[in-house]
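Text of the file my_file_17.cif, holding mmCIF, C-alpha atoms:
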data_input
loop_
_atom_site.label_atom_id
_atom_site.label_comp_id
_atom_site.auth_asym_id
_atom_site.auth_seq_id
_atom_site.Cartn_x
_atom_site.Cartn_y
_atom_site.Cartn_z
CA MET Y 1 33.12 -4.61 -8.63
CA HIS Y 2 31.00 -6.00 -5.81
CA PRO Y 3 28.27 -3.79 -4.36
CA ILE Y 4 28.03 -3.47 -0.61
CA ASP Y 5 25.93 -6.08 1.14
CA PRO Y 6 23.09 -4.39 3.11
CA ALA Y 7 23.70 -6.84 5.97
CA LYS Y 8 27.24 -5.54 6.25
CA LEU Y 9 25.94 -1.99 6.40
CA GLY Y 10 23.80 -2.99 9.37
CA SER Y 11 26.75 -4.50 11.19
CA TRP Y 12 28.87 -1.42 10.50
CA PHE Y 13 26.12 0.78 11.80
CA ASP Y 14 25.96 -1.21 15.03
CA ALA Y 15 29.72 -1.10 15.43
CA TYR Y 16 30.48 2.50 14.50
CA ALA Y 17 27.39 4.70 14.70
CA GLY Y 18 27.85 5.75 18.33
CA ARG Y 19 31.56 6.45 17.89
CA LEU Y 20 30.98 8.39 14.71
CA VAL Y 21 28.35 10.57 16.35
CA LEU Y 22 30.76 11.20 19.23
CA TYR Y 23 33.42 12.16 16.70
CA ALA Y 24 31.05 14.48 14.81
CA ARG Y 25 30.07 16.05 18.14
CA GLN Y 26 33.50 17.67 18.19
CA TRP Y 27 32.09 20.15 15.67
CA LEU Y 28 28.31 19.81 15.70
CA GLU Y 29 25.39 19.64 18.03
CA ARG Y 30 23.79 16.26 18.50
CA GLU Y 31 21.05 16.47 15.88
CA LEU Y 32 23.37 17.75 13.19
CA ALA Y 33 26.00 15.18 14.13
CA GLU Y 34 23.48 12.39 13.74
CA ASP Y 35 22.34 13.81 10.42
CA ALA Y 36 25.94 13.88 9.20
CA VAL Y 37 26.52 10.28 10.28
CA GLN Y 38 23.31 9.21 8.57
CA GLU Y 39 24.35 10.90 5.35
CA VAL Y 40 27.72 9.17 5.50
CA PHE Y 41 26.13 5.73 5.84
CA ILE Y 42 23.88 6.44 2.87
CA ARG Y 43 26.91 7.56 0.90
CA LEU Y 44 28.75 4.39 1.90
CA MET Y 45 25.93 2.28 0.49
CA SER Y 46 26.15 4.19 -2.79
CA GLN Y 47 29.84 3.37 -3.22
CA PRO Y 48 30.53 1.11 -6.20
CA ARG Y 49 32.61 -1.18 -4.04
CA GLU Y 50 33.46 -1.73 -0.41
CA PRO Y 51 36.27 0.54 0.89
CA ASP Y 52 39.46 -1.23 1.84
CA ASN Y 53 39.36 0.17 5.38
CA VAL Y 54 35.76 0.81 6.29
CA ALA Y 55 36.44 2.32 9.72
CA SER Y 56 38.96 4.77 8.35
CA TRP Y 57 36.65 5.66 5.44
CA LEU Y 58 33.73 6.28 7.81
CA PHE Y 59 35.68 8.52 10.17
CA ARG Y 60 37.20 10.50 7.32
CA ALA Y 61 33.80 10.95 5.66
CA VAL Y 62 32.19 12.02 8.94
CA ARG Y 63 35.00 14.49 9.54
CA ASN Y 64 34.52 16.05 6.11
CA ALA Y 65 30.76 16.19 6.50
CA ALA Y 66 30.89 17.63 10.00
CA ILE Y 67 33.43 20.29 9.10
CA SER Y 68 31.40 21.18 6.01
CA VAL Y 69 28.27 21.69 8.10
CA PHE Y 70 30.18 23.49 10.83
CA ARG Y 71 31.53 26.00 8.35
CA SER Y 72 28.10 27.31 7.57
CA GLU Y 73 27.54 30.43 9.64
CA SER Y 74 24.10 29.51 10.91
CA SER Y 75 25.13 26.15 12.26
CA ARG Y 76 28.13 27.73 13.95
CA ARG Y 77 25.93 30.15 15.84
CA SER Y 78 23.53 27.36 16.65
CA ARG Y 79 26.38 25.21 17.91
CA GLU Y 80 27.65 27.90 20.21
CA ARG Y 81 24.22 28.18 21.79
CA LYS Y 82 23.78 24.43 22.05
CA VAL Y 83 27.21 23.63 23.45
CA ALA Y 84 26.71 26.24 26.12
CA ARG Y 85 23.61 24.56 27.49
CA GLU Y 86 24.19 20.89 26.69
CA GLY Y 87 25.85 18.45 29.05
CA GLN Y 88 26.18 14.71 29.71
CA ASP Y 89 25.77 14.05 26.05
CA PHE Y 90 28.93 12.27 24.94
CA PHE Y 91 28.87 9.05 26.97
CA GLU Y 92 26.48 6.61 28.55
CA SER Y 93 26.54 6.94 32.30
CA ARG Y 94 27.08 3.60 34.03
CA PRO Y 95 27.73 2.99 37.73
CA ASP Y 96 30.68 0.64 37.14
CA ASP Y 97 32.67 3.14 35.06
CA LEU Y 98 36.04 4.19 36.46
CA LEU Y 99 35.43 7.75 35.37
CA ASP Y 100 32.31 9.79 35.74
CA ALA Y 101 30.82 10.38 32.26
CA SER Y 102 30.11 14.05 32.83
CA ALA Y 103 33.59 14.65 34.29
CA ALA Y 104 35.17 12.95 31.29
CA GLU Y 105 33.07 15.02 28.93
CA SER Y 106 33.94 18.20 30.78
CA ALA Y 107 37.65 17.34 30.64
CA LEU Y 108 37.42 16.57 26.94
CA THR Y 109 35.75 19.86 26.12
CA GLN Y 110 38.62 21.71 27.82
CA LEU Y 111 41.17 20.21 25.45
CA PRO Y 112 42.27 22.03 22.31
CA ALA Y 113 40.26 20.86 19.28
CA GLU Y 114 43.25 19.13 17.69
CA GLN Y 115 44.05 17.06 20.80
CA ARG Y 116 40.42 16.26 21.41
CA GLU Y 117 40.01 14.95 17.87
CA VAL Y 118 43.04 12.69 18.18
CA ILE Y 119 41.88 11.37 21.55
CA VAL Y 120 38.41 10.53 20.21
CA LEU Y 121 39.80 8.80 17.12
CA ARG Y 122 42.32 6.82 19.13
CA ILE Y 123 40.29 5.77 22.17
CA TRP Y 124 36.72 5.46 20.90
CA GLY Y 125 37.41 5.16 17.19
CA GLN Y 126 40.01 2.47 17.95
CA LEU Y 127 42.09 3.57 14.98
CA THR Y 128 45.83 3.14 14.66
CA LEU Y 129 48.13 6.14 14.76
CA SER Y 130 48.78 5.65 11.06
CA GLU Y 131 45.07 5.78 10.23
CA ILE Y 132 44.62 8.84 12.43
CA SER Y 133 47.51 10.60 10.70
CA GLN Y 134 45.81 10.03 7.34
CA ILE Y 135 42.47 11.33 8.58
CA VAL Y 136 43.72 14.47 10.32
CA GLU Y 137 46.47 14.94 7.70
CA MET Y 138 49.29 15.19 10.18
CA PRO Y 139 52.62 13.32 10.37
CA ILE Y 140 52.37 10.19 12.47
CA SER Y 141 54.95 11.50 14.93
CA SER Y 142 52.89 14.65 15.47
CA VAL Y 143 49.80 12.51 16.04
CA HIS Y 144 51.66 10.48 18.64
CA ASP Y 145 52.92 13.58 20.44
CA CYS Y 146 49.48 15.14 20.28
CA TYR Y 147 47.94 12.01 21.77
CA ARG Y 148 50.43 11.86 24.65
CA SER Y 149 49.97 15.56 25.39
CA ALA Y 150 46.19 15.14 25.35
CA LEU Y 151 46.33 12.23 27.81
CA SER Y 152 48.53 14.26 30.18
CA ALA Y 153 46.21 17.24 29.91
CA LEU Y 154 43.18 15.05 30.61
CA ARG Y 155 44.88 13.53 33.63
CA HIS Y 156 45.63 16.98 35.03
CA VAL Y 157 42.07 18.15 34.48
CA LEU Y 158 40.59 15.01 36.03
CA GLU Y 159 42.96 15.15 38.99
CA SER Y 160 42.09 18.77 39.66
CA THR Y 161 38.38 17.86 39.38
CA CYS Y 162 38.84 15.09 41.94
CA ARG Y 163 40.72 17.43 44.26
CA ASN Y 164 37.95 19.97 44.00
CA ILE Y 165 35.32 17.32 44.74
CA GLY Y 166 37.41 16.15 47.73
CA ARG Y 167 37.60 19.65 49.10
CA LYS Y 168 33.85 20.14 48.74
CA ASN Y 169 33.04 16.75 50.33
CA PRO Y 170 35.70 16.05 52.97
CA MET J 1 64.97 1.06 14.28
CA GLN J 2 61.93 1.49 16.47
CA GLU J 3 60.32 4.90 16.29
CA HIS J 4 58.98 6.40 19.46
CA TRP J 5 55.42 6.46 18.04
CA GLN J 6 55.16 2.71 17.63
CA GLU J 7 51.87 1.22 18.76
CA LYS J 8 52.80 0.42 22.35
CA PRO J 9 50.63 0.48 25.47
CA ILE J 10 51.13 3.58 27.55
CA ASP J 11 52.36 2.99 31.09
CA GLY J 12 51.99 5.03 34.22
CA ALA J 13 49.29 7.49 35.17
CA ASP J 14 48.56 8.40 31.58
CA GLY J 15 47.99 4.73 30.82
CA GLU J 16 45.43 4.51 33.64
CA VAL J 17 43.61 7.53 32.27
CA GLU J 18 43.63 5.92 28.85
CA ARG J 19 42.12 2.69 30.18
CA ALA J 20 39.51 4.58 32.19
CA LEU J 21 38.50 6.56 29.13
CA THR J 22 38.37 3.41 26.98
CA ALA J 23 35.84 1.93 29.41
CA LEU J 24 33.43 4.78 28.70
CA ARG J 25 30.89 4.00 26.00
CA PRO J 26 29.73 6.64 23.55
CA ARG J 27 26.05 7.39 23.87
CA LEU J 28 23.96 5.49 21.34
CA PRO J 29 22.57 7.68 18.58
CA SER J 30 18.87 8.18 18.18
CA ILE J 31 19.09 7.37 14.46
CA ASP J 32 16.40 4.97 13.25
CA ARG J 33 18.56 2.03 12.22
CA ASP J 34 16.00 0.27 10.02
CA GLY J 35 14.97 3.54 8.43
CA LEU J 36 18.58 4.35 7.65
CA LEU J 37 19.21 0.93 6.09
CA PHE J 38 16.08 1.23 3.98
CA LEU J 39 17.01 4.75 2.89
CA ALA J 40 20.56 3.66 2.02
CA GLY J 41 19.29 0.74 -0.04
CA PHE J 42 16.70 2.92 -1.73
CA GLN J 43 19.26 5.58 -2.65
CA SER J 44 21.65 2.97 -3.95
CA ALA J 45 18.96 1.35 -6.10
CA ARG J 46 17.76 4.71 -7.36
CA ARG J 47 21.23 5.56 -8.58
CA LYS J 48 21.44 2.28 -10.48
CA LEU J 49 17.95 2.88 -11.86
CA TRP J 50 19.02 6.31 -13.08
CA LEU J 51 21.99 4.73 -14.82
CA TRP J 52 19.74 2.32 -16.70
CA ARG J 53 17.25 5.04 -17.52
CA SER J 54 19.91 7.30 -18.96
CA ALA J 55 21.37 4.48 -21.03
CA THR J 56 17.95 3.51 -22.35
CA GLY J 57 17.04 7.12 -23.07
CA SER J 58 20.22 7.80 -25.01
CA LEU J 59 19.75 4.62 -27.05
CA ALA J 60 16.16 5.61 -27.81
CA ALA J 61 17.28 9.07 -28.88
CA MET J 62 19.91 7.58 -31.16
CA LEU J 63 17.31 5.27 -32.68
CA LEU J 64 14.92 8.17 -33.24
CA VAL J 65 17.63 10.26 -34.89
CA SER J 66 18.63 7.36 -37.10
CA ILE J 67 14.99 6.95 -38.18
CA LEU J 68 14.26 10.63 -38.82
CA VAL J 69 17.53 11.75 -40.31
CA ARG J 70 18.18 9.73 -43.45
CA PRO J 71 20.92 10.45 -45.97
CA GLN J 72 19.49 12.04 -49.15
CA ILE J 73 20.16 10.13 -52.32
CA THR J 74 19.95 12.07 -55.55
CA SER J 75 19.11 9.15 -57.83
CA ASN J 76 17.04 6.06 -57.25
CA SER J 77 19.71 3.66 -58.31
CA PRO J 78 23.39 3.82 -58.93
CA SER J 79 24.19 4.52 -62.53
CA ALA J 80 26.30 2.10 -64.40
CA THR J 81 28.56 4.48 -66.15
CA GLY J 82 30.60 1.79 -67.71
CA GLY J 83 33.43 4.21 -67.95
CA ALA J 84 36.82 3.58 -69.21
CA ASN J 85 37.68 0.91 -66.69
CA ASN J 86 34.26 -0.65 -66.07
CA THR J 87 33.96 1.04 -62.68
CA LEU J 88 30.82 1.88 -60.74
CA ALA J 89 30.53 5.47 -59.49
CA VAL J 90 28.81 5.63 -56.09
CA ALA J 91 27.82 9.01 -54.64
CA THR J 92 28.29 8.89 -50.85
CA LYS J 93 26.90 12.41 -50.30
CA PRO J 94 24.04 14.35 -51.80
CA ALA J 95 25.32 15.64 -55.09
CA ARG J 96 25.45 19.40 -55.46
CA PRO J 97 26.70 21.37 -58.37
CA GLY J 98 30.41 21.47 -58.19
CA ASP J 99 30.49 19.08 -55.25
CA MET J 100 33.11 16.62 -56.37
CA PRO J 101 34.67 14.17 -56.42
CA LEU J 102 32.69 10.96 -56.41
CA GLU J 103 34.19 7.95 -54.84
CA ARG J 104 35.06 5.30 -57.36
CA VAL J 105 34.74 1.76 -56.12
CA ARG J 106 36.20 -0.97 -58.20
CA ASN J 107 34.51 -4.29 -57.63
CA PRO J 108 34.88 -7.18 -60.08
CA TRP J 109 31.50 -8.67 -59.11
CA VAL J 110 29.74 -5.38 -59.76
CA GLU J 111 31.51 -5.11 -63.06
CA VAL J 112 30.29 -8.55 -64.13
CA ILE J 113 26.72 -7.85 -63.04
CA TRP J 114 26.46 -4.45 -64.70
CA SER J 115 28.17 -5.56 -67.88
CA SER J 116 25.48 -8.22 -68.26
CA ALA J 117 22.69 -5.87 -67.23
CA SER J 118 23.55 -2.74 -69.18
CA GLN J 119 21.86 -3.00 -72.54
CA ALA J 120 20.55 -0.45 -74.91
CA PRO J 121 16.76 0.31 -74.86
CA ASP J 122 16.29 -1.13 -78.30
CA ALA J 123 18.34 -4.16 -77.55
CA PRO J 124 16.90 -7.62 -77.99
CA PRO J 125 14.83 -8.95 -75.10
CA PRO J 126 16.89 -9.34 -71.92
CA GLN J 127 18.24 -12.75 -71.25
CA ASN J 128 18.57 -12.68 -67.44
CA TYR J 129 16.76 -11.29 -64.42
CA LEU J 130 18.95 -8.23 -63.86
CA SER J 131 18.74 -7.07 -67.41
CA ALA J 132 14.96 -7.70 -67.42
CA ARG J 133 14.60 -5.64 -64.26
CA GLN J 134 16.67 -2.83 -65.67
CA ALA J 135 14.63 -2.87 -68.89
CA VAL J 136 11.33 -2.73 -66.98
CA LEU J 137 12.59 0.19 -64.87
CA GLU J 138 13.56 2.09 -67.98
CA ARG J 139 10.82 1.20 -70.48
CA GLY J 140 7.95 -0.17 -68.43
CA LEU J 141 6.17 -3.54 -68.63
CA GLY J 142 6.33 -3.53 -72.39
CA ALA J 143 9.98 -4.34 -72.15
CA LEU J 144 9.25 -7.72 -70.70
CA PRO J 145 10.09 -10.47 -73.19
CA ALA J 146 7.20 -12.33 -74.79
CA PRO J 147 6.67 -15.76 -73.30
CA ALA J 148 7.90 -18.64 -75.34
CA GLU J 149 5.29 -20.18 -77.78
CA ARG J 150 5.66 -23.65 -76.50
CA ALA J 151 5.18 -22.53 -72.96
CA MET J 152 1.92 -20.79 -73.97
CA GLN J 153 0.43 -23.92 -75.51
CA ARG J 154 -1.77 -25.90 -73.23
CA SER J 155 -0.67 -29.45 -73.45
CA THR J 156 -3.17 -32.25 -73.36
CA ILE J 157 -2.61 -35.96 -73.10
CA GLN J 158 -3.63 -36.41 -76.67
CA ASP J 159 -1.11 -33.79 -77.79
CA LEU J 160 1.57 -35.48 -75.85
CA LEU J 161 0.67 -38.78 -77.42
CA ASP J 162 0.64 -37.21 -80.86
CA LEU J 163 4.03 -35.70 -80.23
CA ARG J 164 5.40 -39.03 -79.19
CA LEU J 165 3.81 -40.81 -82.14
CA GLN J 166 4.58 -38.36 -84.87
CA GLU J 167 7.04 -40.72 -86.30
CA PRO J 168 6.39 -44.07 -84.74
CA GLY J 169 8.96 -46.69 -85.29
CA ASP J 170 6.36 -49.41 -85.73
CA PRO J 171 3.19 -48.41 -87.74
CA SER J 172 1.23 -51.33 -86.37
CA ILE J 173 1.41 -49.93 -82.86
CA PHE J 174 0.09 -46.59 -84.11
CA LYS J 175 -2.86 -48.24 -85.79
CA LEU J 176 -3.53 -50.30 -82.71
CA ILE J 177 -3.74 -47.22 -80.51
CA ARG J 178 -5.97 -45.38 -83.03
CA ARG J 179 -8.49 -48.16 -82.98
CA GLY J 180 -8.48 -48.20 -79.19
CA GLY J 181 -7.35 -51.78 -78.98
CA GLU J 182 -10.27 -53.19 -80.99
CA SER J 183 -8.21 -55.98 -82.46
CA LEU J 184 -7.36 -57.12 -78.91
#
Conversion result in structure tokens:
Amino acid sequence: MHPIDPAKLGSWFDAYAGRLVLYARQWLERELAEDAVQEVFIRLMSQPREPDNVASWLFRAVRNAAISVFRSESSRRSRERKVAREGQDFFESRPDDLLDASAAESALTQLPAEQREVIVLRIWGQLTLSEISQIVEMPISSVHDCYRSALSALRHVLESTCRNIGRKNP
Amino acid sequence: MQEHWQEKPIDGADGEVERALTALRPRLPSIDRDGLLFLAGFQSARRKLWLWRSATGSLAAMLLVSILVRPQITSNSPSATGGANNTLAVATKPARPGDMPLERVRNPWVEVIWSSASQAPDAPPPQNYLSARQAVLERGLGALPAPAERAMQRSTIQDLLDLRLQEPGDPSIFKLIRRGGESL
């Protein structure tokens, strides 16, 4: 058994921390999501050996931690309050982006939770459909269908947003 | 057969949405990276430390128990019963009335040793160490054999010479030595 090299933990943090927080944000407010991600990294360091698929392990652990926190009644109430007043929190806003960050976030929040989770894991988690099916415990074909449906739904939402903006600013 | 969920790029309008979304970067967390790495290392080391502490503690407890709890032996030494078959009876547990049986161990070396050591109290002085030890344990220091007479005598050079010259082969040599070499 080889313990995990602290240098590796640093590189994993740089590579995955932002994506993991975005994933945990599907259930939790920002502070709690960051706490959950932090706990997962500490737990990773305590593992007797390095997981075979670190990315998959991290996303699965964050999912379990976030759902566990979300299930507590107080955090749920807190989340409802926070989500209502928070915005522009998911992505960095850059001028050269093809999509406006706030519009993308707004479109994402309109998706059903299942589709949103698959989209986040696939696009920003950069996981394969097989890995996603193991994390969300769904058949791979269902994950694929869910992903395609989510993309279509996002396109419709974004198109309607653009149309609305065009009407307001002719 | 290729399933429809194979990892293939998505074409069309949905593909463009996918690429546009991929270009977005998740917001960086406000987690203190160095603090997290330190905490992770600290927690990991503390778990290992706990492992060592528990192992050391259990070993110390076992040592303490082994020191404090000793098996009670009813007699100071095993008794050489002799018995019918020259066997040594060894009690492996504290003997209680009616607590039987004793384990009988047959060992030829033990038989030889105890047959030479077991002598009656009024037996002649013991001839070897084991029998002397046994006699002293049973009868005290008085059971020790008296030292040999010759060993008690303090030898001098003159005595040694006398012993050698008690019956000299040549009387002239004896006379010569008695006179201290005067004739020379």
Pick out the chain J residues within 12 Å of chain Y. Count only C-alpha atoms. Give them as an NGL selection string. :J and (3-48)
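From atom CA of Val69 of chain Y back to atom CA of Trp27 of chain Y, the distance works out to 8.6 Å.
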Mind pulling up the distance from atom CA of Ile135 of chain Y to atom CA of Ser56 of chain Y? 7.4 Å
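The gap separating atom CA of Arg70 of chain J from atom CA of Ala55 of chain J is 23.2 Å, in Å to one decimal.
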Can you tell me, as JSON, numbers by chain, what residues are no more than 10 Å from Asn53 of chain Y when counting only C-alpha atoms, ignoring any on the same chain fewer than 4 positions away? {"Y": [57, 58, 131]}
Listed atoms of segment 99-110 of chain Y boxed along x, y and z, 3 Å each side, centre and edge lengths in Å, one decimal, as AutoDock Vina command-line options:
--center_x 34.4 --center_y 14.7 --center_z 30.9 --size_x 14.5 --size_y 20.0 --size_z 15.6
Spatial neighbours of Ala113 of chain Y, max dist 12 Å, all atoms listed in the file, sep filter under 2 positions, as JSON, numbers by chain: {"Y": [23, 25, 26, 27, 108, 109, 110, 111, 115, 116, 117, 118, 119, 120, 136, 146, 147, 150]}
Generate the coordinates of N, CA and C atoms for segment 12-47 of chain Y; report them as a short mmCIF file (atom, residue, chain, number, x, y, z; two decimals), in the frame of the given file.
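Generated output (out_21.cif):
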data_model
loop_
_atom_site.label_atom_id
_atom_site.label_comp_id
_atom_site.auth_asym_id
_atom_site.auth_seq_id
_atom_site.Cartn_x
_atom_site.Cartn_y
_atom_site.Cartn_z
N TRP Y 12 28.01 -2.61 10.34
CA TRP Y 12 28.87 -1.42 10.50
C TRP Y 12 28.16 -0.34 11.29
N PHE Y 13 26.86 -0.22 11.04
CA PHE Y 13 26.12 0.78 11.80
C PHE Y 13 26.16 0.45 13.29
N ASP Y 14 25.93 -0.82 13.62
CA ASP Y 14 25.96 -1.21 15.03
C ASP Y 14 27.33 -0.97 15.65
N ALA Y 15 28.37 -1.19 14.87
CA ALA Y 15 29.72 -1.10 15.43
C ALA Y 15 30.21 0.35 15.54
N TYR Y 16 29.82 1.18 14.59
CA TYR Y 16 30.48 2.50 14.50
C TYR Y 16 29.57 3.70 14.72
N ALA Y 17 28.27 3.53 14.71
CA ALA Y 17 27.39 4.70 14.70
C ALA Y 17 27.62 5.59 15.92
N GLY Y 18 27.67 4.96 17.11
CA GLY Y 18 27.85 5.75 18.33
C GLY Y 18 29.18 6.49 18.33
N ARG Y 19 30.23 5.82 17.91
CA ARG Y 19 31.56 6.45 17.89
C ARG Y 19 31.61 7.59 16.87
N LEU Y 20 30.96 7.35 15.75
CA LEU Y 20 30.98 8.39 14.71
C LEU Y 20 30.22 9.63 15.16
N VAL Y 21 29.10 9.41 15.85
CA VAL Y 21 28.35 10.57 16.35
C VAL Y 21 29.19 11.31 17.39
N LEU Y 22 29.88 10.55 18.25
CA LEU Y 22 30.76 11.20 19.23
C LEU Y 22 31.85 12.01 18.52
N TYR Y 23 32.37 11.45 17.45
CA TYR Y 23 33.42 12.16 16.70
C TYR Y 23 32.84 13.43 16.06
N ALA Y 24 31.67 13.31 15.45
CA ALA Y 24 31.05 14.48 14.81
C ALA Y 24 30.65 15.53 15.84
N ARG Y 25 30.43 15.09 17.09
CA ARG Y 25 30.07 16.05 18.14
C ARG Y 25 31.19 17.02 18.45
N GLN Y 26 32.40 16.72 17.97
CA GLN Y 26 33.50 17.67 18.19
C GLN Y 26 33.24 18.98 17.44
N TRP Y 27 32.38 18.94 16.45
CA TRP Y 27 32.09 20.15 15.67
C TRP Y 27 30.62 20.55 15.71
N LEU Y 28 29.74 19.56 15.90
CA LEU Y 28 28.31 19.81 15.70
C LEU Y 28 27.50 19.45 16.93
N GLU Y 29 26.34 20.06 17.00
CA GLU Y 29 25.39 19.64 18.03
C GLU Y 29 24.85 18.26 17.69
N ARG Y 30 24.14 17.67 18.64
CA ARG Y 30 23.79 16.26 18.50
C ARG Y 30 22.96 15.96 17.25
N GLU Y 31 21.94 16.77 17.02
CA GLU Y 31 21.05 16.47 15.88
C GLU Y 31 21.82 16.56 14.57
N LEU Y 32 22.60 17.60 14.44
CA LEU Y 32 23.37 17.75 13.19
C LEU Y 32 24.42 16.65 13.05
N ALA Y 33 25.01 16.26 14.17
CA ALA Y 33 26.00 15.18 14.13
C ALA Y 33 25.35 13.88 13.66
N GLU Y 34 24.17 13.61 14.16
CA GLU Y 34 23.48 12.39 13.74
C GLU Y 34 23.08 12.46 12.27
N ASP Y 35 22.67 13.64 11.85
CA ASP Y 35 22.34 13.81 10.42
C ASP Y 35 23.57 13.55 9.54
N ALA Y 36 24.71 14.07 9.99
CA ALA Y 36 25.94 13.88 9.20
C ALA Y 36 26.31 12.41 9.12
N VAL Y 37 26.19 11.71 10.26
CA VAL Y 37 26.52 10.28 10.28
C VAL Y 37 25.56 9.51 9.37
N GLN Y 38 24.30 9.88 9.42
CA GLN Y 38 23.31 9.21 8.57
C GLN Y 38 23.65 9.39 7.09
N GLU Y 39 24.00 10.62 6.74
CA GLU Y 39 24.35 10.90 5.35
C GLU Y 39 25.57 10.07 4.91
N VAL Y 40 26.51 9.92 5.83
CA VAL Y 40 27.72 9.17 5.50
C VAL Y 40 27.39 7.70 5.25
N PHE Y 41 26.51 7.13 6.05
CA PHE Y 41 26.13 5.73 5.84
C PHE Y 41 25.40 5.56 4.51
N ILE Y 42 24.58 6.53 4.16
CA ILE Y 42 23.88 6.44 2.87
C ILE Y 42 24.89 6.53 1.73
N ARG Y 43 25.87 7.42 1.93
CA ARG Y 43 26.91 7.56 0.90
C ARG Y 43 27.74 6.28 0.78
N LEU Y 44 27.98 5.64 1.91
CA LEU Y 44 28.75 4.39 1.90
C LEU Y 44 28.02 3.33 1.07
N MET Y 45 26.71 3.27 1.23
CA MET Y 45 25.93 2.28 0.49
C MET Y 45 25.95 2.57 -1.01
N SER Y 46 26.14 3.83 -1.38
CA SER Y 46 26.15 4.19 -2.79
C SER Y 46 27.52 3.97 -3.44
N GLN Y 47 28.50 3.59 -2.64
CA GLN Y 47 29.84 3.37 -3.22
C GLN Y 47 29.80 2.16 -4.17
#
